[in-house]
Every structure is written in structure tokens, then in C-alpha cells.
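Colleague: Dropping the structure in here first, questions after.
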Amino acid sequence: MDEMDIKALDQTYVANTYGRADVVFTSGHGAEVFDDRGRRYIDLGAGIAVNVFGLADPVWIGAVTEQLGKLQHMSNLYYTEPCVRLAKLLCKRTGFKKVFFGNSGAEANECAIKTARKWAFDRVGDESRSTVITLKNSFHGRTVTTLSATGQDAFHTKFGPFTPGFVHASAQDAGEVRAFAEQGNCCAVMLELVQGEGGVVSLTRDYVDQVVRIAREHDMLIIVDEVQTGNGRTGTLYAYEQFGFMPDIVSTAKGLGGGLPLGACLLGERVEHTLGRGDHGSTFGGNPVSCAGAVSILERLDDALLAGVRRKGETIKAALSGAKGVKSVTGLGLMVGILTEKPAGEVVKRAIERGVIPLTAHEKVRLVPPLTITDEQLGEAMEILKEVIGE
Ligand SMILES: Cc1ncc(COP(=O)(O)O)c(C=O)c1O
């Protein structure tokens with residue numbers, strides 16, 4: 001099919017919910033992607049923080065294809081090996097006790113919210129503590145409930161009524177979290193430690209320390225949404241490790257599956273027995289192929305790789321901080337936001353024309369490359385990006 005046909009058919013037959021860039025990608029390898037004309041690009045988006053080992057990763061392909069040849073799907077009515085191997089690996093590496101598998105970040109958050117509410121119900125015997133505190137400028141997904149959780153007004157029009165039981169507190173002033181907690185109707189506070197879609201804005205350590213203290217004082221759970229920050233993206237396996245506390249629930253997805261749909265909700269000891277038989281479920285959750293691929297990802301997210309992520313993150317910051325047209329550089333590890341003088345959309349469009357693929361997040365340019373991007377690829381991409389931003 002030629003390029004014009006693909007674009008025309010997409011516009012005719014695919015729901016028009018995405019503003020697509022004017023390019024058709026056909027293949028790739030590591031952090032390099034090729035379009036249908038054979039043109040090479042350096043990928044600084046990784047399918048929105050998904051392809052942690054880049055494209056056509058041979059280890060992941062081996063794990064996935066081996067499993068495909070054995071058993072592509074069975075229902076959760078039966079035991080399968082990849083699902084338990086992944087759950088054990090996640091628990092051993094984090095200290096969490098149990099894992100519920102879904103297919104996406106939004107579903108991982110749905111599980112987290114249901115768990116928190118059931119936990120509170122079991123304690124007080126009714127729904128009087130069902131409210132979840134989330135933060136302004138957060139993003140938690142596109143289902144009706146995770147949109148309610150999302151603390152951005154732009155998402156709260158046209159699709160109501162939304163699920164009740166969410167309040168949005170300041171991400172700078174922990175006093176707002178305290179004020180909601182003191183109302184006595186909250187079961188949990190839910191945080192993105194680096195607000196990704198909100199513009200790659202990291203919460204401060206002091207703010208997080210205060211929120212953790214408030215949650216503990218008011219017998220609330222702490223849920224950390226690591227859908228984007230997780231699986232090595234910020235330079236530790238999960239970002240909470242850099243903030244010095246242990247959450248009660250962590251939701252994650254994106255990079256975990258290495259490119260296949262997979263979400264996970266990690267349950268700590270306070271909630272390990274909260275969900276019982278029939279309380280939650282998913283037809284595809286814990287799919288053997290997705291889980292076999294995820295095991296091959298998680299096994300390789302070792303100390304050396306994570307140190308490389310931190311170092312490459314610093315390389316990006318050093319290259320762009322103070323460069324012409326750059327107002328600020330924020331983020332953690334290989335999750336970077338750049339506030340530019342030019343509109344971010346213009347920078348991205350121009351960069352793609354020059355063979356580099358960044359993303360946007362709010363008013364910023366966002367970089368979330370494969371964690372294995374080479375120093376040469378990163379150097380080449382930074383030179384082009386600097387030129388485009390400074391033009
Ligand atoms: C922090 C965070 N939570 C949840 C989601 C939703 O994930 P998904 O699109 O897989 O449902 C995203 C997606 O960008 C995210 O960044």
C-alpha cells in the first residue's frame with residue numbers, strides 16, 4: 001500500500017481521535033526507525049515511553065515468539081507459567097506482595113482505585129471513606145473513572161457525568177492534601193512522582209515527604225502511578241525508590257510489556273488480601289505472550305542499565321540547559337521535559353523533518369527515548385534538536 005493510500009484510509013476508517021504526524025513508519029531497530037521511503041529517524045519517543053529496549057529487540061522477540069508457539073492465550077480460569085514468573089519477579093524486585101495484571105495503564109489505575117475503596121470499606125463497613133485524593137495537573141488515564149482521577153480541567157468537559165469520589169489537591173502545597181484528609185472521607189492519595197502528561201514536572205522530595213506523613217497520620221493508602229515513570233524510565237526500577245518511601249499500591253504499564261499491552265497493579269502488605277475471588281478480573285490480563293515478553297524486559301533492567309539511564313538523562317540536561325531557545329529542562333532519568341521559546345508542536349514537527357522524533361507534553365517538548373539509545377545516537381539527536389529549538 002502506498003503512503004497516500006495509508007493516510008487516506010486512516011482518515012476514512014480510523015476514528016479521528018489522534019493528530020498524527022505526516023509520516024508512515026514501517027520498521028526499526030533499537031532507537032532507529034525507518035519510514036516507508038527508507039528514511040532513518042532517531043526515536044526519542046519510544047512509542048510514548050513503551051519500547052524500553054527499542055524496536056526489534058531480539059531478546060524480547062525470542063521470548064514472545066517462543067511463547068506464541070506454545071500458548072497464546074488461556075483464560076484466567078487456569079494457571080499459566082509466564083504470568084506467575086512475572087508476578088514473582090515483580091514482587092522479588094520491589095517487596096510488593098501480589099500483582100493484578102490488566103492490559104493498560106488506565107486499567108492498572110482502575111485496579112488501584114478499586115483496591116483502595118474495598119480496603120476502606122472492609123475497615124469501616126460502608127462507603128464513607130471512598131474518596132481518593134489526586135493531584136492537580138496529574139494524568140491517570142482515559143476511562144471515565146481515571147479521567148475523574150485526572151487533575152486537569154481540560155479532560156473534564158463533554159464526557160460527564162464522571163465517577164464521583166475524587167478531589168484534586170495542589171502538587172506544590174501539601175496543606176491542600178491535609179485539608180482533604182482531615183475531612184475524614186478519604187481512603188487514599190494517588191501521585192505521579194513525575195507528572196508526565198502534565199509537562200514532565202517532578203514533585204519535590206519535601207512535598208512527597210509531607211504527603212506520606214499526612215497519609216500515614218490519617219490512615220490513608222498511598223498509590224503511586226508509575227505507568228510512565230516505571231520500569232527503569234527514571235533511572236531506578238520504579239521512581240518511588242528515589243523518594244525514600246514505600247507506597248501501598250503501585251500501578252504500572254507502558255514499558256513493562258516492551259511493546260505488547262500489559263498493565264500491572266502491585267499490592268503491598270496492607271492490601272495484599274483486599275481483593276478476593278470475583279472482586280476483579282480481566283479476560284486478557286496476564287496474557288502469556290505479554291508476560292513472557294515482560295519477563296525478558298524486567299530481567300535486563302539491572303543496575304548497569306539503570307546507571308546508564310541516569311547518566312544519559314544528565315547528558316540530555318547538559319546538552320540542552322542554557323541552549324538557544326531553551327527556557328528550562330526538567331525531569332528524571334530518561335524522562336525529560338524542555339520548555340522552549342517556540343511552541344512545542346512546532347519544534348516536534350521540525351525535528352521530525354530533520355530525522356529526530358520527540359514528543360510533546362502540555363506546553364513542553366518531551367523526550368522518553370529507548371533506555372538503550374546509544375551515546376552516538378543521543379549526541380546526534382541533541383545536535384539536531386538544539387538547532388531546531390534555536391532556529
Ligand atoms: C501516568 C499515566 N497514567 C496512566 C496512563 C494511561 O495509560 P494507558 O494509555 O496505557 O491506559 C498514562 C498514559 O500516558 C500515564 O502517563
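Convention: chains lettered A, B, ... in C-alpha cells order; per-chain residue numbering from 1; ligands numbered from 1 as shown.
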Step by step, measure atom-to-atom distances between ligand 1 and each residue using only C-alpha atoms and all ligand atoms, keep those at most 7 Å, then write them as a PDB file with N, CA and C atoms, in the first residue's frame.
Modeller:
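What ended up in selection_33.pdb:
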```pdb
ATOM      1  N   SER A 104      -3.421  -2.251  30.394  1.00  0.00           N
ATOM      2  CA  SER A 104      -3.076  -0.851  30.114  1.00  0.00           C
ATOM      3  C   SER A 104      -2.859  -0.109  31.416  1.00  0.00           C
ATOM      4  N   GLY A 105      -2.378   1.125  31.269  1.00  0.00           N
ATOM      5  CA  GLY A 105      -2.179   1.967  32.445  1.00  0.00           C
ATOM      6  C   GLY A 105      -3.489   2.322  33.114  1.00  0.00           C
ATOM      7  N   ALA A 106      -4.488   2.661  32.314  1.00  0.00           N
ATOM      8  CA  ALA A 106      -5.773   3.035  32.892  1.00  0.00           C
ATOM      9  C   ALA A 106      -6.351   1.880  33.707  1.00  0.00           C
ATOM     10  N   GLU A 107      -6.214   0.670  33.181  1.00  0.00           N
ATOM     11  CA  GLU A 107      -6.740  -0.487  33.921  1.00  0.00           C
ATOM     12  C   GLU A 107      -5.953  -0.747  35.198  1.00  0.00           C
ATOM     13  N   ASN A 109      -4.665   1.534  36.989  1.00  0.00           N
ATOM     14  CA  ASN A 109      -5.178   2.528  37.930  1.00  0.00           C
ATOM     15  C   ASN A 109      -6.579   2.178  38.420  1.00  0.00           C
ATOM     16  N   PHE A 139      -2.235  13.038  35.385  1.00  0.00           N
ATOM     17  CA  PHE A 139      -2.913  12.289  34.320  1.00  0.00           C
ATOM     18  C   PHE A 139      -2.931  10.818  34.719  1.00  0.00           C
ATOM     19  N   HIS A 140      -4.130  10.225  34.715  1.00  0.00           N
ATOM     20  CA  HIS A 140      -4.230   8.831  35.158  1.00  0.00           C
ATOM     21  C   HIS A 140      -4.939   7.923  34.166  1.00  0.00           C
ATOM     22  N   GLY A 141      -5.342   8.439  33.006  1.00  0.00           N
ATOM     23  CA  GLY A 141      -5.941   7.550  32.009  1.00  0.00           C
ATOM     24  C   GLY A 141      -7.198   8.127  31.382  1.00  0.00           C
ATOM     25  N   ARG A 142      -7.805   7.328  30.498  1.00  0.00           N
ATOM     26  CA  ARG A 142      -8.923   7.825  29.672  1.00  0.00           C
ATOM     27  C   ARG A 142     -10.249   7.129  29.942  1.00  0.00           C
ATOM     28  N   GLU A 192       1.528  10.882  40.817  1.00  0.00           N
ATOM     29  CA  GLU A 192       2.574  10.609  39.823  1.00  0.00           C
ATOM     30  C   GLU A 192       3.791  11.360  40.345  1.00  0.00           C
ATOM     31  N   GLN A 195       5.052  14.158  36.961  1.00  0.00           N
ATOM     32  CA  GLN A 195       3.807  14.277  36.191  1.00  0.00           C
ATOM     33  C   GLN A 195       4.168  14.321  34.704  1.00  0.00           C
ATOM     34  N   GLY A 196       3.891  13.224  34.026  1.00  0.00           N
ATOM     35  CA  GLY A 196       4.359  13.063  32.647  1.00  0.00           C
ATOM     36  C   GLY A 196       3.571  13.886  31.651  1.00  0.00           C
ATOM     37  N   GLU A 197       2.282  13.515  31.476  1.00  0.00           N
ATOM     38  CA  GLU A 197       1.454  14.250  30.512  1.00  0.00           C
ATOM     39  C   GLU A 197       1.291  15.703  30.936  1.00  0.00           C
ATOM     40  N   ASP A 225       1.238   6.164  40.783  1.00  0.00           N
ATOM     41  CA  ASP A 225       1.006   5.841  39.374  1.00  0.00           C
ATOM     42  C   ASP A 225       2.358   5.874  38.652  1.00  0.00           C
ATOM     43  N   GLU A 226       2.894   4.680  38.400  1.00  0.00           N
ATOM     44  CA  GLU A 226       4.195   4.568  37.706  1.00  0.00           C
ATOM     45  C   GLU A 226       3.989   4.022  36.293  1.00  0.00           C
ATOM     46  N   VAL A 227       2.868   4.384  35.698  1.00  0.00           N
ATOM     47  CA  VAL A 227       2.605   3.920  34.330  1.00  0.00           C
ATOM     48  C   VAL A 227       3.705   4.423  33.394  1.00  0.00           C
ATOM     49  N   GLN A 228       4.069   5.683  33.565  1.00  0.00           N
ATOM     50  CA  GLN A 228       5.092   6.268  32.685  1.00  0.00           C
ATOM     51  C   GLN A 228       6.475   6.265  33.335  1.00  0.00           C
ATOM     52  N   ALA A 253       2.547   0.126  33.604  1.00  0.00           N
ATOM     53  CA  ALA A 253       2.154  -0.425  32.289  1.00  0.00           C
ATOM     54  C   ALA A 253       3.262  -0.061  31.305  1.00  0.00           C
ATOM     55  N   LYS A 254       2.914   0.577  30.211  1.00  0.00           N
ATOM     56  CA  LYS A 254       3.851   1.077  29.190  1.00  0.00           C
ATOM     57  C   LYS A 254       5.072   0.178  29.008  1.00  0.00           C
TER      58      LYS A 254
END
```
Colleague: So that I can check the surroundings of Glu314 of chain A, please list as a VMD selection string every protein, DNA and RNA residue that reaches within 9 Å of it, counting only C-alpha atoms and ignoring chain neighbours fewer than 3 positions away.
Modeller: chain A and resid 309 to 311 317 to 319 332 to 334
Colleague: Counting only C-alpha atoms, which residue out of A:Phe25, A:Tyr13, A:Phe245, A:Phe101 sits closest to Pro82 of chain A?
Modeller: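 Answer, going by the shortest atom-to-atom distance: A:Phe101.
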Colleague: Which residues are close to Glu241 of chain A, i.e. within 12 Å by only C-alpha atoms, leaving aside same-chain residues fewer than 4 positions away? Reply as a VMD selection string.
Modeller: chain A and resid 93 to 95 193 205 224 226 229 to 232 234 to 237 245 to 247 250
Colleague: Just checking: using only C-alpha atoms, which residue out of A:Gly258, A:Val200, A:Leu77, A:Tyr41 ends up closest to Ile61 of chain A?
Modeller: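 Of A:Gly258, A:Val200, A:Leu77, A:Tyr41, the one nearest Ile61 of chain A is A:Gly258, counting only C-alpha atoms.
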Colleague: Assign secondary structure with DSSP using the backbone only, and return the residues of segment 4-62 of chain A in alpha helix (DSSP H) as a PyMOL selection string.
Modeller: chain A and resi 4-13+46-49+58-62
Colleague: Quick one: of A:Asn51, A:Thr204, A:Thr163, A:Thr157, who's nearest to Ala294 of chain A, counting only C-alpha atoms?
Modeller: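 Between A:Asn51, A:Thr204, A:Thr163, A:Thr157, the residue approaching Ala294 of chain A most closely is A:Asn51.
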Colleague: Pick out the residues sitting within 10 Å of segment 123-135 of chain A, and hand them over as a PDB file with N, CA and C atoms, in the first residue's frame; count only C-alpha atoms, and ignore anything fewer than 3 positions along from it in its own chain.
Modeller:
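And here's selection19.pdb as it stands now:
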```pdb
ATOM      1  N   ILE A 113      -7.587   1.909  42.335  1.00  0.00           N
ATOM      2  CA  ILE A 113      -8.697   2.660  42.949  1.00  0.00           C
ATOM      3  C   ILE A 113      -9.698   1.695  43.594  1.00  0.00           C
ATOM      4  N   LYS A 114     -10.022   0.618  42.881  1.00  0.00           N
ATOM      5  CA  LYS A 114     -10.954  -0.370  43.449  1.00  0.00           C
ATOM      6  C   LYS A 114     -10.382  -0.975  44.731  1.00  0.00           C
ATOM      7  N   ALA A 116      -8.216   0.354  46.821  1.00  0.00           N
ATOM      8  CA  ALA A 116      -8.231   1.330  47.925  1.00  0.00           C
ATOM      9  C   ALA A 116      -9.640   1.451  48.506  1.00  0.00           C
ATOM     10  N   ARG A 117     -10.628   1.495  47.640  1.00  0.00           N
ATOM     11  CA  ARG A 117     -12.002   1.648  48.134  1.00  0.00           C
ATOM     12  C   ARG A 117     -12.456   0.414  48.907  1.00  0.00           C
ATOM     13  N   LYS A 118     -12.113  -0.768  48.393  1.00  0.00           N
ATOM     14  CA  LYS A 118     -12.517  -2.006  49.090  1.00  0.00           C
ATOM     15  C   LYS A 118     -11.806  -2.097  50.442  1.00  0.00           C
ATOM     16  N   TRP A 119     -10.534  -1.685  50.461  1.00  0.00           N
ATOM     17  CA  TRP A 119      -9.753  -1.701  51.708  1.00  0.00           C
ATOM     18  C   TRP A 119     -10.453  -0.838  52.768  1.00  0.00           C
ATOM     19  N   ALA A 120     -10.899   0.358  52.346  1.00  0.00           N
ATOM     20  CA  ALA A 120     -11.563   1.254  53.287  1.00  0.00           C
ATOM     21  C   ALA A 120     -12.926   0.689  53.696  1.00  0.00           C
ATOM     22  N   SER A 138      -2.321  16.217  37.196  1.00  0.00           N
ATOM     23  CA  SER A 138      -1.992  14.787  37.021  1.00  0.00           C
ATOM     24  C   SER A 138      -2.681  14.224  35.781  1.00  0.00           C
ATOM     25  N   PHE A 139      -2.235  13.038  35.385  1.00  0.00           N
ATOM     26  CA  PHE A 139      -2.913  12.289  34.320  1.00  0.00           C
ATOM     27  C   PHE A 139      -2.931  10.818  34.719  1.00  0.00           C
ATOM     28  N   HIS A 140      -4.130  10.225  34.715  1.00  0.00           N
ATOM     29  CA  HIS A 140      -4.230   8.831  35.158  1.00  0.00           C
ATOM     30  C   HIS A 140      -4.939   7.923  34.166  1.00  0.00           C
ATOM     31  N   SER A 148     -11.793  10.994  35.927  1.00  0.00           N
ATOM     32  CA  SER A 148     -12.169  11.663  37.187  1.00  0.00           C
ATOM     33  C   SER A 148     -10.945  11.867  38.056  1.00  0.00           C
ATOM     34  N   ALA A 149     -10.087  10.851  38.079  1.00  0.00           N
ATOM     35  CA  ALA A 149      -8.874  10.942  38.896  1.00  0.00           C
ATOM     36  C   ALA A 149      -7.921  11.997  38.344  1.00  0.00           C
ATOM     37  N   THR A 150      -7.928  12.164  37.044  1.00  0.00           N
ATOM     38  CA  THR A 150      -7.005  13.102  36.387  1.00  0.00           C
ATOM     39  C   THR A 150      -7.288  14.546  36.807  1.00  0.00           C
ATOM     40  N   GLY A 151      -6.260  15.240  37.272  1.00  0.00           N
ATOM     41  CA  GLY A 151      -6.457  16.587  37.805  1.00  0.00           C
ATOM     42  C   GLY A 151      -6.224  17.690  36.796  1.00  0.00           C
ATOM     43  N   GLN A 152      -6.815  17.553  35.620  1.00  0.00           N
ATOM     44  CA  GLN A 152      -6.680  18.612  34.610  1.00  0.00           C
ATOM     45  C   GLN A 152      -8.071  18.918  34.066  1.00  0.00           C
ATOM     46  N   PRO A 164     -17.911   9.792  40.759  1.00  0.00           N
ATOM     47  CA  PRO A 164     -17.659  10.648  41.934  1.00  0.00           C
ATOM     48  C   PRO A 164     -16.589  10.049  42.842  1.00  0.00           C
ATOM     49  N   GLY A 165     -16.152  10.850  43.835  1.00  0.00           N
ATOM     50  CA  GLY A 165     -15.212  10.324  44.824  1.00  0.00           C
ATOM     51  C   GLY A 165     -13.761  10.652  44.541  1.00  0.00           C
ATOM     52  N   PHE A 166     -13.528  11.760  43.825  1.00  0.00           N
ATOM     53  CA  PHE A 166     -12.148  12.219  43.624  1.00  0.00           C
ATOM     54  C   PHE A 166     -12.065  13.703  43.958  1.00  0.00           C
ATOM     55  N   VAL A 167     -10.979  14.099  44.634  1.00  0.00           N
ATOM     56  CA  VAL A 167     -10.695  15.521  44.847  1.00  0.00           C
ATOM     57  C   VAL A 167      -9.266  15.770  44.400  1.00  0.00           C
ATOM     58  N   HIS A 168      -8.997  16.980  43.930  1.00  0.00           N
ATOM     59  CA  HIS A 168      -7.680  17.283  43.359  1.00  0.00           C
ATOM     60  C   HIS A 168      -6.965  18.322  44.216  1.00  0.00           C
ATOM     61  N   ALA A 169      -5.803  17.927  44.711  1.00  0.00           N
ATOM     62  CA  ALA A 169      -5.046  18.817  45.610  1.00  0.00           C
ATOM     63  C   ALA A 169      -3.839  19.396  44.883  1.00  0.00           C
ATOM     64  N   SER A 170      -3.338  20.510  45.405  1.00  0.00           N
ATOM     65  CA  SER A 170      -2.146  21.150  44.832  1.00  0.00           C
ATOM     66  C   SER A 170      -0.956  20.188  44.851  1.00  0.00           C
ATOM     67  N   ALA A 171      -0.163  20.234  43.785  1.00  0.00           N
ATOM     68  CA  ALA A 171       1.053  19.410  43.727  1.00  0.00           C
ATOM     69  C   ALA A 171       2.255  20.144  44.313  1.00  0.00           C
ATOM     70  N   GLN A 172       2.011  21.364  44.843  1.00  0.00           N
ATOM     71  CA  GLN A 172       3.099  22.115  45.478  1.00  0.00           C
ATOM     72  C   GLN A 172       2.863  22.312  46.976  1.00  0.00           C
ATOM     73  N   GLU A 176      -3.077  21.416  51.115  1.00  0.00           N
ATOM     74  CA  GLU A 176      -4.364  21.053  50.478  1.00  0.00           C
ATOM     75  C   GLU A 176      -4.650  19.572  50.669  1.00  0.00           C
ATOM     76  N   VAL A 177      -3.606  18.736  50.597  1.00  0.00           N
ATOM     77  CA  VAL A 177      -3.792  17.296  50.844  1.00  0.00           C
ATOM     78  C   VAL A 177      -4.269  17.112  52.285  1.00  0.00           C
ATOM     79  N   PHE A 180      -7.984  18.024  52.758  1.00  0.00           N
ATOM     80  CA  PHE A 180      -8.896  16.957  52.292  1.00  0.00           C
ATOM     81  C   PHE A 180      -8.856  15.768  53.247  1.00  0.00           C
ATOM     82  N   ALA A 181      -7.644  15.401  53.685  1.00  0.00           N
ATOM     83  CA  ALA A 181      -7.511  14.234  54.579  1.00  0.00           C
ATOM     84  C   ALA A 181      -8.309  14.450  55.855  1.00  0.00           C
ATOM     85  N   GLN A 183     -11.009  15.854  56.303  1.00  0.00           N
ATOM     86  CA  GLN A 183     -12.466  15.686  56.166  1.00  0.00           C
ATOM     87  C   GLN A 183     -12.909  14.278  56.545  1.00  0.00           C
ATOM     88  N   GLY A 184     -11.949  13.339  56.613  1.00  0.00           N
ATOM     89  CA  GLY A 184     -12.252  12.003  57.132  1.00  0.00           C
ATOM     90  C   GLY A 184     -12.932  11.068  56.152  1.00  0.00           C
ATOM     91  N   ASN A 185     -13.076  11.480  54.894  1.00  0.00           N
ATOM     92  CA  ASN A 185     -13.779  10.611  53.922  1.00  0.00           C
ATOM     93  C   ASN A 185     -12.835  10.036  52.859  1.00  0.00           C
ATOM     94  N   CYS A 186     -11.520  10.129  53.083  1.00  0.00           N
ATOM     95  CA  CYS A 186     -10.565   9.706  52.046  1.00  0.00           C
ATOM     96  C   CYS A 186      -9.909   8.374  52.406  1.00  0.00           C
ATOM     97  N   CYS A 187      -9.778   7.523  51.389  1.00  0.00           N
ATOM     98  CA  CYS A 187      -9.114   6.228  51.610  1.00  0.00           C
ATOM     99  C   CYS A 187      -7.685   6.242  51.092  1.00  0.00           C
ATOM    100  N   ALA A 188      -7.362   7.159  50.181  1.00  0.00           N
ATOM    101  CA  ALA A 188      -6.036   7.086  49.548  1.00  0.00           C
ATOM    102  C   ALA A 188      -5.656   8.414  48.928  1.00  0.00           C
ATOM    103  N   VAL A 189      -4.356   8.579  48.764  1.00  0.00           N
ATOM    104  CA  VAL A 189      -3.833   9.672  47.954  1.00  0.00           C
ATOM    105  C   VAL A 189      -3.049   9.028  46.815  1.00  0.00           C
ATOM    106  N   MET A 190      -3.236   9.569  45.616  1.00  0.00           N
ATOM    107  CA  MET A 190      -2.646   8.948  44.422  1.00  0.00           C
ATOM    108  C   MET A 190      -1.730   9.969  43.744  1.00  0.00           C
ATOM    109  N   LEU A 191      -0.472   9.566  43.496  1.00  0.00           N
ATOM    110  CA  LEU A 191       0.533  10.507  42.982  1.00  0.00           C
ATOM    111  C   LEU A 191       1.223   9.982  41.738  1.00  0.00           C
ATOM    112  N   GLU A 192       1.528  10.882  40.817  1.00  0.00           N
ATOM    113  CA  GLU A 192       2.574  10.609  39.823  1.00  0.00           C
ATOM    114  C   GLU A 192       3.791  11.360  40.345  1.00  0.00           C
ATOM    115  N   GLN A 195       5.052  14.158  36.961  1.00  0.00           N
ATOM    116  CA  GLN A 195       3.807  14.277  36.191  1.00  0.00           C
ATOM    117  C   GLN A 195       4.168  14.321  34.704  1.00  0.00           C
ATOM    118  N   MET A 220      -4.566   6.605  55.511  1.00  0.00           N
ATOM    119  CA  MET A 220      -4.883   6.528  54.080  1.00  0.00           C
ATOM    120  C   MET A 220      -3.795   5.741  53.365  1.00  0.00           C
ATOM    121  N   LEU A 221      -4.163   5.106  52.273  1.00  0.00           N
ATOM    122  CA  LEU A 221      -3.175   4.397  51.453  1.00  0.00           C
ATOM    123  C   LEU A 221      -2.461   5.384  50.535  1.00  0.00           C
ATOM    124  N   ILE A 222      -1.253   5.014  50.124  1.00  0.00           N
ATOM    125  CA  ILE A 222      -0.535   5.815  49.121  1.00  0.00           C
ATOM    126  C   ILE A 222      -0.435   4.987  47.845  1.00  0.00           C
ATOM    127  N   ILE A 223      -1.029   5.518  46.789  1.00  0.00           N
ATOM    128  CA  ILE A 223      -0.966   4.876  45.466  1.00  0.00           C
ATOM    129  C   ILE A 223       0.008   5.690  44.616  1.00  0.00           C
TER     130      ILE A 223
END
```
Colleague: Taking 4 positions as the minimum chain separation for residues in the same chain, which residues sit within 12 Å of Tyr78 of chain A when counting only C-alpha atoms? Answer as number ranges by chain.
Modeller: A: 73-74, 83-84, 283, 286-288
